[in-house]
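These notes concern the structure reproduced below.
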Amino acid sequence: MSVDPVDFLGIDRLLTNEERMIRDTARKFVRDRILPGIEKWFEAGEFPLEIAPEIGELGLLGMHLEGYGCAGTNATSYGLACLELEAGDSGFRSFVSVQGSLVMFPIHAYGSDEQKQQWLPRMAAGEAIGCFGLTEPDRGSDPANMRTTARRDGDDWILNGNKMWITNGSIADVAIVWAQTDEGVRGFLVPKGTKGFTTRDIHRKLSLRASVTSELIFDDARLPGDALLPGVQGMRGPLSCLTEARFGIIFGAMGAARACYECALEYSKTREQFGQPIGAFQLTQEKLVNMLLELNKGSLLALHLGRIKDEGLITPQHVSLGKLNNVREALAIAREARTILGANGITLEYPVIRHSNNLESVLTYEGTSEIHTLILGQAITGLPAFGGNA
Amino acid sequence: MERKKALNIAVCVKHIPDPNLPGELDGQRLKRAGVQGVLDPGDEFGVEAGLQLKEAHGGEVTLISMGPAVALEAVRRGLSMGADKGVLVSDDALAGADALTTARVLAAAIAKAGPFDLVIAGVESTDGYTGTMPSSLAEFLGLPQLTFVKSLEGAEGSIRVNRQTVEGYHVVESPLPALISVTAGVNEPRYASFKGIMAAKKKPVEQWSLADLELSSDDVTVNQSVTNIGKAEERQAGEVVEDDGSGAARIADFLKEAKVI
């Protein structure tokens, strides 16, 4: 019997033909368009914006949304595409997550017809880029206490505050910004070029280097009344977006892990020490097998969560479980792979240190491991442990 | 302004075991049952050629395939690239069909689904590699055949191709209808976009049996059999040239000998 050293359990057989086609298309795109340039982009600290329309043409942007030029796939397919993208680089998966789940999703779910018509088709095509402003310099895990405000001025809104660690910030044509109002937290569509709205890129990152991260600054930015996202009020708005994006991460993390495992496995069969391939040593085999276990378990978990999302049965707590487990295990796999590669494991010649560093961001963005642990702790005990008045 | 005549194009496609996986034998045949299958990568060039002609001239691309029910996956793949509809001939009597039988069945299916202005096939399949099917098919259909096409150009009522030869290429022109077989590299097959994949589900695919084609199992009796399978000769170790200053010249000599330069 032939053994597949990666998809050891034959999880592939659980996919539909259509899901496999989407997965294969995404994989081919990553191989053709992302892998040849990723080392250069990562090292230079740049996101190749010129690829955005190609990603759009493929149908990756807002792919699980219906209408407005979106492909309308199921959630599992979206997850599989995230997995393939992140096997390329977390920066590209982040780009697609932000565009599709954090910007297109809320416009689709909570936007007016005019907002949908104005933004969704162009965003699906990759001709317009979006970003999502929730996190603030002093408010990461505790966004409900955000300081950014929007106050009424006649029909207009006046926006003040800062948003931090915003993926796609300075390249975005439109920012979805969440702010405190008299009516609780509301979302606003803020186009680039709005007077009083500026961005500043965050440099000197050692993680997600092939991704733009910015600060958004609002200084009496005046928005017309129709900039408001009419369909949602309160923290449910931004949190629902995060649940969407976290879902993609559950799959994506396994993509990064797969790339590291494949690299380490290959390396272990060709690298020789003491006259034999290092893969012949028991210690190396244990490492590889532990990676194999978590990769296959995490992939099954992701697929299961995809299936229950497609059934409409998934909860934010399910998503927390998936993100907590799969990012943690992906990072462990990446670090373990690093040890198999020895010194080669720290160079950009191999993908491992790049994935490992990227996963350090994935570990804490979209809800830290600690917060997902507390969400699950509350779910099973009924007792909130978030501190303060949460 | 004179309206161009739209082209009605048939493209032959085959579902084969994924060539990226190690092939396994089932007796004297390639094992197919339970093996992950794909649209033959060689056929993607044919689908792309059909789509490009359709985009330039208008018309319709119909995929024609023969295989078990699972071969529908390959047809859907071609539809997701942008083909309009498909035909799959499936029949238990076709298990183990050889290239000649395949050509006879595809010819019947093309005749029934047509008439077509152009029939496109890959020069050979990426599993059996007999390379005889396109020529047999053209004979059965009574069409002129332009084989080993490395580039093509459609015009009103005719097609002009560059036909790959050992020394270079021949420029060949034929009136339509005709059959062409395309080489890998004739074009760059497009990605199946996610929208295309979703749309492919709704495109019509006819599934025909031999009876639908008015063929009987006698018409598809296989006369060809594989008598022996041998291992491919192992590749010989290359020649190592120590560079004593004449390395570049020796490499140039080697390439000249191989007629590369």
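Every chain in the structure tokens has a letter given in the order shown (A, B, ...), and although residue numbers restart at 1 in each chain, ligands are simply numbered from 1 in the order shown.
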>> If the cut-off is 10 Å, can you tell me the residues of chain A near chain B, counting only C-alpha atoms? I'd like them as a VMD selection string.
In response: chain A and resid 1 to 2 4 12 to 13 17 to 19 21 to 26 28 to 29 55 to 61 63 to 64 69 to 74 77
>> Can you pull out the residues contacting region 214-228 of chain B? Cut-off 9 Å, using only C-alpha atoms, and skip same-chain residues under 4 positions away; I want them as a ChimeraX atom specification.
In response: /B:28-29,93-94,96-102,104-105,108,209-210
Would you output that residue set with C-alpha atoms, as a PDB file, in the first residue's frame?
```pdb
ATOM      1  CA  GLN B  28      -1.344  -5.641 -17.153  1.00  0.00           C
ATOM      2  CA  ARG B  29      -3.238  -2.385 -16.847  1.00  0.00           C
ATOM      3  CA  ALA B  93     -18.934  -2.792 -21.907  1.00  0.00           C
ATOM      4  CA  LEU B  94     -16.252  -0.109 -22.339  1.00  0.00           C
ATOM      5  CA  GLY B  96     -10.598  -1.843 -20.733  1.00  0.00           C
ATOM      6  CA  ALA B  97     -11.302  -0.184 -24.096  1.00  0.00           C
ATOM      7  CA  ASP B  98      -8.230   0.383 -26.275  1.00  0.00           C
ATOM      8  CA  ALA B  99      -7.412   3.517 -28.256  1.00  0.00           C
ATOM      9  CA  LEU B 100      -9.164   2.335 -31.419  1.00  0.00           C
ATOM     10  CA  THR B 101     -12.354   1.510 -29.533  1.00  0.00           C
ATOM     11  CA  THR B 102     -12.186   4.831 -27.754  1.00  0.00           C
ATOM     12  CA  ARG B 104     -14.898   4.717 -32.463  1.00  0.00           C
ATOM     13  CA  VAL B 105     -17.031   5.612 -29.442  1.00  0.00           C
ATOM     14  CA  ALA B 108     -20.193   8.285 -32.520  1.00  0.00           C
ATOM     15  CA  SER B 209     -24.559   4.651 -22.985  1.00  0.00           C
ATOM     16  CA  LEU B 210     -23.479   2.625 -26.012  1.00  0.00           C
TER      17      LEU B 210
END
```
> Out of region 3-155 of chain B, which residues get strand (DSSP E or B) from DSSP, as a ChimeraX atom specification?
Replying inline: /B:7-12,15-17,25-26,29-30,37-39,59-66,85-89,118-122,145-155
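A straight line drawn from CA of Asn168 (chain A) to CA of Ser211 (chain A) is 7.2 Å long.
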>> Would you pick out the contacts of Pro144 (chain B) at 9 Å or less, using only C-alpha atoms, so that residues sharing its chain but fewer than 4 positions from it are not included, and give the list as a VMD selection string?
In response: chain B and resid 138 to 139 174 to 180
Residue subset to file, keeping N, CA and C atoms, as an mmCIF file, in the first residue's frame:
```cif
data_model
loop_
_atom_site.group_PDB
_atom_site.id
_atom_site.type_symbol
_atom_site.label_atom_id
_atom_site.label_comp_id
_atom_site.auth_asym_id
_atom_site.auth_seq_id
_atom_site.Cartn_x
_atom_site.Cartn_y
_atom_site.Cartn_z
ATOM 1 N N ALA B 138 -10.204 11.065 -36.403
ATOM 2 C CA ALA B 138 -10.391 11.841 -37.634
ATOM 3 C C ALA B 138 -10.852 10.927 -38.772
ATOM 4 N N GLU B 139 -10.267 9.726 -38.835
ATOM 5 C CA GLU B 139 -10.664 8.778 -39.884
ATOM 6 C C GLU B 139 -12.137 8.384 -39.733
ATOM 7 N N SER B 174 -6.256 24.086 -43.411
ATOM 8 C CA SER B 174 -7.306 23.149 -43.817
ATOM 9 C C SER B 174 -8.649 23.856 -43.754
ATOM 10 N N PRO B 175 -9.553 23.498 -44.675
ATOM 11 C CA PRO B 175 -10.916 24.003 -44.515
ATOM 12 C C PRO B 175 -11.570 23.303 -43.320
ATOM 13 N N LEU B 176 -12.568 23.939 -42.773
ATOM 14 C CA LEU B 176 -13.342 23.327 -41.696
ATOM 15 C C LEU B 176 -14.537 22.616 -42.322
ATOM 16 N N PRO B 177 -15.028 21.586 -41.720
ATOM 17 C CA PRO B 177 -14.626 21.017 -40.435
ATOM 18 C C PRO B 177 -13.318 20.228 -40.525
ATOM 19 N N ALA B 178 -12.628 20.153 -39.387
ATOM 20 C CA ALA B 178 -11.358 19.440 -39.321
ATOM 21 C C ALA B 178 -11.116 18.990 -37.887
ATOM 22 N N LEU B 179 -10.080 18.167 -37.735
ATOM 23 C CA LEU B 179 -9.652 17.756 -36.390
ATOM 24 C C LEU B 179 -8.215 18.203 -36.182
ATOM 25 N N ILE B 180 -7.923 18.739 -35.014
ATOM 26 C CA ILE B 180 -6.530 19.053 -34.681
ATOM 27 C C ILE B 180 -6.151 18.345 -33.388
#
```
> CA of Gln207 (chain B) and CA of Pro134 (chain B), how far apart in Å?
Replying inline: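 Separating CA of Pro134 (chain B) from CA of Gln207 (chain B) is a distance of 21.7 Å.
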Would you pick out the contacts of Leu7 (chain B) at 12 Å or less, using only C-alpha atoms, so that residues sharing its chain but fewer than 6 positions from it are not included, and give the list as a PDB file with N, CA, C and O atoms, in the first residue's frame?
```pdb
ATOM      1  N   GLY B  50      -9.746  25.527 -27.450  1.00  0.00           N
ATOM      2  CA  GLY B  50     -11.155  25.692 -27.800  1.00  0.00           C
ATOM      3  C   GLY B  50     -11.719  26.990 -27.260  1.00  0.00           C
ATOM      4  O   GLY B  50     -12.423  27.731 -27.965  1.00  0.00           O
ATOM      5  N   LEU B  51     -11.384  27.295 -26.012  1.00  0.00           N
ATOM      6  CA  LEU B  51     -11.913  28.515 -25.383  1.00  0.00           C
ATOM      7  C   LEU B  51     -11.386  29.762 -26.085  1.00  0.00           C
ATOM      8  O   LEU B  51     -12.115  30.734 -26.285  1.00  0.00           O
ATOM      9  N   GLN B  52     -10.107  29.719 -26.470  1.00  0.00           N
ATOM     10  CA  GLN B  52      -9.547  30.898 -27.148  1.00  0.00           C
ATOM     11  C   GLN B  52     -10.208  31.127 -28.506  1.00  0.00           C
ATOM     12  O   GLN B  52     -10.485  32.260 -28.893  1.00  0.00           O
ATOM     13  N   LEU B  53     -10.467  30.021 -29.231  1.00  0.00           N
ATOM     14  CA  LEU B  53     -11.139  30.159 -30.524  1.00  0.00           C
ATOM     15  C   LEU B  53     -12.556  30.690 -30.337  1.00  0.00           C
ATOM     16  O   LEU B  53     -13.032  31.533 -31.097  1.00  0.00           O
ATOM     17  N   LYS B  54     -13.215  30.186 -29.299  1.00  0.00           N
ATOM     18  CA  LYS B  54     -14.581  30.653 -29.018  1.00  0.00           C
ATOM     19  C   LYS B  54     -14.564  32.149 -28.685  1.00  0.00           C
ATOM     20  O   LYS B  54     -15.418  32.912 -29.145  1.00  0.00           O
ATOM     21  N   GLU B  55     -13.571  32.565 -27.898  1.00  0.00           N
ATOM     22  CA  GLU B  55     -13.508  33.977 -27.517  1.00  0.00           C
ATOM     23  C   GLU B  55     -13.234  34.862 -28.737  1.00  0.00           C
ATOM     24  O   GLU B  55     -13.730  35.970 -28.822  1.00  0.00           O
ATOM     25  N   ALA B  56     -12.459  34.325 -29.683  1.00  0.00           N
ATOM     26  CA  ALA B  56     -12.119  35.130 -30.861  1.00  0.00           C
ATOM     27  C   ALA B  56     -13.242  35.130 -31.904  1.00  0.00           C
ATOM     28  O   ALA B  56     -13.436  36.124 -32.601  1.00  0.00           O
ATOM     29  N   HIS B  57     -13.958  34.024 -32.008  1.00  0.00           N
ATOM     30  CA  HIS B  57     -14.902  33.889 -33.115  1.00  0.00           C
ATOM     31  C   HIS B  57     -16.344  33.731 -32.671  1.00  0.00           C
ATOM     32  O   HIS B  57     -17.246  33.705 -33.510  1.00  0.00           O
ATOM     33  N   GLY B  58     -16.567  33.573 -31.375  1.00  0.00           N
ATOM     34  CA  GLY B  58     -17.907  33.252 -30.905  1.00  0.00           C
ATOM     35  C   GLY B  58     -18.150  31.771 -31.093  1.00  0.00           C
ATOM     36  O   GLY B  58     -17.382  31.084 -31.768  1.00  0.00           O
ATOM     37  N   GLY B  59     -19.223  31.282 -30.487  1.00  0.00           N
ATOM     38  CA  GLY B  59     -19.534  29.869 -30.649  1.00  0.00           C
ATOM     39  C   GLY B  59     -19.635  29.160 -29.323  1.00  0.00           C
ATOM     40  O   GLY B  59     -19.902  29.783 -28.291  1.00  0.00           O
ATOM     41  N   GLU B  60     -19.371  27.863 -29.366  1.00  0.00           N
ATOM     42  CA  GLU B  60     -19.639  27.048 -28.197  1.00  0.00           C
ATOM     43  C   GLU B  60     -18.579  25.951 -28.114  1.00  0.00           C
ATOM     44  O   GLU B  60     -18.150  25.428 -29.138  1.00  0.00           O
ATOM     45  N   VAL B  61     -18.188  25.602 -26.895  1.00  0.00           N
ATOM     46  CA  VAL B  61     -17.230  24.513 -26.691  1.00  0.00           C
ATOM     47  C   VAL B  61     -17.935  23.379 -25.967  1.00  0.00           C
ATOM     48  O   VAL B  61     -18.468  23.570 -24.875  1.00  0.00           O
ATOM     49  N   THR B  62     -17.940  22.211 -26.594  1.00  0.00           N
ATOM     50  CA  THR B  62     -18.547  21.024 -25.990  1.00  0.00           C
ATOM     51  C   THR B  62     -17.444  20.030 -25.666  1.00  0.00           C
ATOM     52  O   THR B  62     -16.614  19.719 -26.524  1.00  0.00           O
ATOM     53  N   GLY B 114     -22.980  16.730 -32.564  1.00  0.00           N
ATOM     54  CA  GLY B 114     -22.612  17.762 -33.521  1.00  0.00           C
ATOM     55  C   GLY B 114     -23.785  18.285 -34.310  1.00  0.00           C
ATOM     56  O   GLY B 114     -24.916  18.140 -33.877  1.00  0.00           O
ATOM     57  N   PRO B 115     -23.556  18.866 -35.486  1.00  0.00           N
ATOM     58  CA  PRO B 115     -22.260  18.916 -36.166  1.00  0.00           C
ATOM     59  C   PRO B 115     -21.315  19.959 -35.571  1.00  0.00           C
ATOM     60  O   PRO B 115     -21.752  20.968 -35.053  1.00  0.00           O
ATOM     61  N   PHE B 116     -20.014  19.657 -35.641  1.00  0.00           N
ATOM     62  CA  PHE B 116     -18.990  20.563 -35.136  1.00  0.00           C
ATOM     63  C   PHE B 116     -18.129  21.083 -36.293  1.00  0.00           C
ATOM     64  O   PHE B 116     -17.918  20.378 -37.280  1.00  0.00           O
ATOM     65  N   ASP B 117     -17.649  22.289 -36.136  1.00  0.00           N
ATOM     66  CA  ASP B 117     -16.723  22.851 -37.124  1.00  0.00           C
ATOM     67  C   ASP B 117     -15.308  22.351 -36.879  1.00  0.00           C
ATOM     68  O   ASP B 117     -14.506  22.253 -37.798  1.00  0.00           O
ATOM     69  N   LEU B 118     -15.016  22.099 -35.591  1.00  0.00           N
ATOM     70  CA  LEU B 118     -13.646  21.717 -35.250  1.00  0.00           C
ATOM     71  C   LEU B 118     -13.676  20.739 -34.086  1.00  0.00           C
ATOM     72  O   LEU B 118     -14.409  20.931 -33.116  1.00  0.00           O
ATOM     73  N   VAL B 119     -12.855  19.693 -34.209  1.00  0.00           N
ATOM     74  CA  VAL B 119     -12.679  18.743 -33.108  1.00  0.00           C
ATOM     75  C   VAL B 119     -11.232  18.871 -32.634  1.00  0.00           C
ATOM     76  O   VAL B 119     -10.302  18.872 -33.445  1.00  0.00           O
ATOM     77  N   GLY B 154      -7.531  30.529 -36.149  1.00  0.00           N
ATOM     78  CA  GLY B 154      -8.780  30.217 -36.832  1.00  0.00           C
ATOM     79  C   GLY B 154      -9.142  31.337 -37.782  1.00  0.00           C
ATOM     80  O   GLY B 154      -8.779  32.483 -37.551  1.00  0.00           O
ATOM     81  N   ALA B 155      -9.787  31.018 -38.879  1.00  0.00           N
ATOM     82  CA  ALA B 155     -10.273  32.049 -39.796  1.00  0.00           C
ATOM     83  C   ALA B 155     -11.649  31.622 -40.268  1.00  0.00           C
ATOM     84  O   ALA B 155     -12.146  30.563 -39.894  1.00  0.00           O
ATOM     85  N   GLU B 156     -12.238  32.425 -41.108  1.00  0.00           N
ATOM     86  CA  GLU B 156     -13.563  32.107 -41.614  1.00  0.00           C
ATOM     87  C   GLU B 156     -13.506  30.806 -42.423  1.00  0.00           C
ATOM     88  O   GLU B 156     -12.890  30.751 -43.477  1.00  0.00           O
ATOM     89  N   GLY B 157     -14.086  29.769 -41.875  1.00  0.00           N
ATOM     90  CA  GLY B 157     -14.199  28.515 -42.626  1.00  0.00           C
ATOM     91  C   GLY B 157     -12.920  27.706 -42.756  1.00  0.00           C
ATOM     92  O   GLY B 157     -12.896  26.703 -43.464  1.00  0.00           O
ATOM     93  N   SER B 158     -11.853  28.151 -42.113  1.00  0.00           N
ATOM     94  CA  SER B 158     -10.614  27.370 -42.222  1.00  0.00           C
ATOM     95  C   SER B 158      -9.779  27.527 -40.956  1.00  0.00           C
ATOM     96  O   SER B 158     -10.067  28.373 -40.106  1.00  0.00           O
ATOM     97  N   ILE B 159      -8.759  26.691 -40.857  1.00  0.00           N
ATOM     98  CA  ILE B 159      -7.842  26.807 -39.712  1.00  0.00           C
ATOM     99  C   ILE B 159      -6.419  26.647 -40.228  1.00  0.00           C
ATOM    100  O   ILE B 159      -6.161  25.904 -41.186  1.00  0.00           O
ATOM    101  N   LEU B 176     -12.568  23.939 -42.773  1.00  0.00           N
ATOM    102  CA  LEU B 176     -13.342  23.327 -41.696  1.00  0.00           C
ATOM    103  C   LEU B 176     -14.537  22.616 -42.322  1.00  0.00           C
ATOM    104  O   LEU B 176     -14.989  23.040 -43.382  1.00  0.00           O
ATOM    105  N   PRO B 177     -15.028  21.586 -41.720  1.00  0.00           N
ATOM    106  CA  PRO B 177     -14.626  21.017 -40.435  1.00  0.00           C
ATOM    107  C   PRO B 177     -13.318  20.228 -40.525  1.00  0.00           C
ATOM    108  O   PRO B 177     -12.977  19.712 -41.590  1.00  0.00           O
ATOM    109  N   ALA B 178     -12.628  20.153 -39.387  1.00  0.00           N
ATOM    110  CA  ALA B 178     -11.358  19.440 -39.321  1.00  0.00           C
ATOM    111  C   ALA B 178     -11.116  18.990 -37.887  1.00  0.00           C
ATOM    112  O   ALA B 178     -11.853  19.378 -36.971  1.00  0.00           O
TER     113      ALA B 178
END
```
>> Run DSSP on the backbone and tell me which residues of region 20-207 of chain B come out as alpha helix (DSSP H); list them as a PyMOL selection string.
In response: chain B and resi 41-57+72-81+99-113+133-141+194-200
>> I'd like to know which of A:Gly231, A:Gly193, A:Gly279, A:Gly91 is closest to Glu266 (chain A), using only C-alpha atoms.
In response: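 Once distances to Glu266 (chain A) are computed over only C-alpha atoms, the minimum belongs to A:Gly279.
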> Do you have the CA of Asn325 (chain A)-CA of Lys297 (chain A) distance handy?
Replying inline: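 It comes out at 9.9 Å.
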> Any idea what's packed within 10 Å of Ser240 (chain A), counting only C-alpha atoms, ignoring anything in its chain fewer than 6 positions away? Could you give it as a ChimeraX atom specification?
Replying inline: /A:101-102,105-106,109,246,316
>> Env of Gln285 (chain A): 10 Å cut, atoms = only C-alpha atoms, seq-sep filter 6 positions within chain, self excluded. Answer as a PyMOL selection string.
In response: chain A and resi 265+268+278-279+291+340
Store the residues of this selection in a file with N, CA, C and O atoms, as a PDB file, in the first residue's frame.
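This went into again.pdb:
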```pdb
ATOM      1  N   LEU A 265      10.434  17.075   6.352  1.00  0.00           N
ATOM      2  CA  LEU A 265      10.452  15.659   5.971  1.00  0.00           C
ATOM      3  C   LEU A 265      11.439  15.441   4.816  1.00  0.00           C
ATOM      4  O   LEU A 265      12.269  14.526   4.853  1.00  0.00           O
ATOM      5  N   SER A 268      14.986  15.853   5.981  1.00  0.00           N
ATOM      6  CA  SER A 268      15.473  14.757   6.826  1.00  0.00           C
ATOM      7  C   SER A 268      15.893  13.546   5.991  1.00  0.00           C
ATOM      8  O   SER A 268      16.667  12.710   6.457  1.00  0.00           O
ATOM      9  N   ILE A 278      19.436  12.092   8.331  1.00  0.00           N
ATOM     10  CA  ILE A 278      19.023  12.358   9.720  1.00  0.00           C
ATOM     11  C   ILE A 278      17.620  11.817   9.982  1.00  0.00           C
ATOM     12  O   ILE A 278      17.255  11.582  11.131  1.00  0.00           O
ATOM     13  N   GLY A 279      16.843  11.578   8.913  1.00  0.00           N
ATOM     14  CA  GLY A 279      15.521  10.973   9.075  1.00  0.00           C
ATOM     15  C   GLY A 279      15.594   9.549   9.603  1.00  0.00           C
ATOM     16  O   GLY A 279      14.585   8.990  10.022  1.00  0.00           O
ATOM     17  N   MET A 291       4.741  15.790  14.331  1.00  0.00           N
ATOM     18  CA  MET A 291       4.233  16.800  13.398  1.00  0.00           C
ATOM     19  C   MET A 291       3.103  16.210  12.553  1.00  0.00           C
ATOM     20  O   MET A 291       2.064  16.845  12.343  1.00  0.00           O
ATOM     21  N   ILE A 340      14.838  20.493  12.851  1.00  0.00           N
ATOM     22  CA  ILE A 340      15.294  19.455  11.915  1.00  0.00           C
ATOM     23  C   ILE A 340      16.195  20.072  10.845  1.00  0.00           C
ATOM     24  O   ILE A 340      17.152  19.462  10.386  1.00  0.00           O
TER      25      ILE A 340
END
```
> Excluding same-chain residues fewer than 3 positions from Ser214 (chain A), what lies within 9 Å of it counting only C-alpha atoms, as a PyMOL selection string?
Replying inline: chain A and resi 163-170+199-203
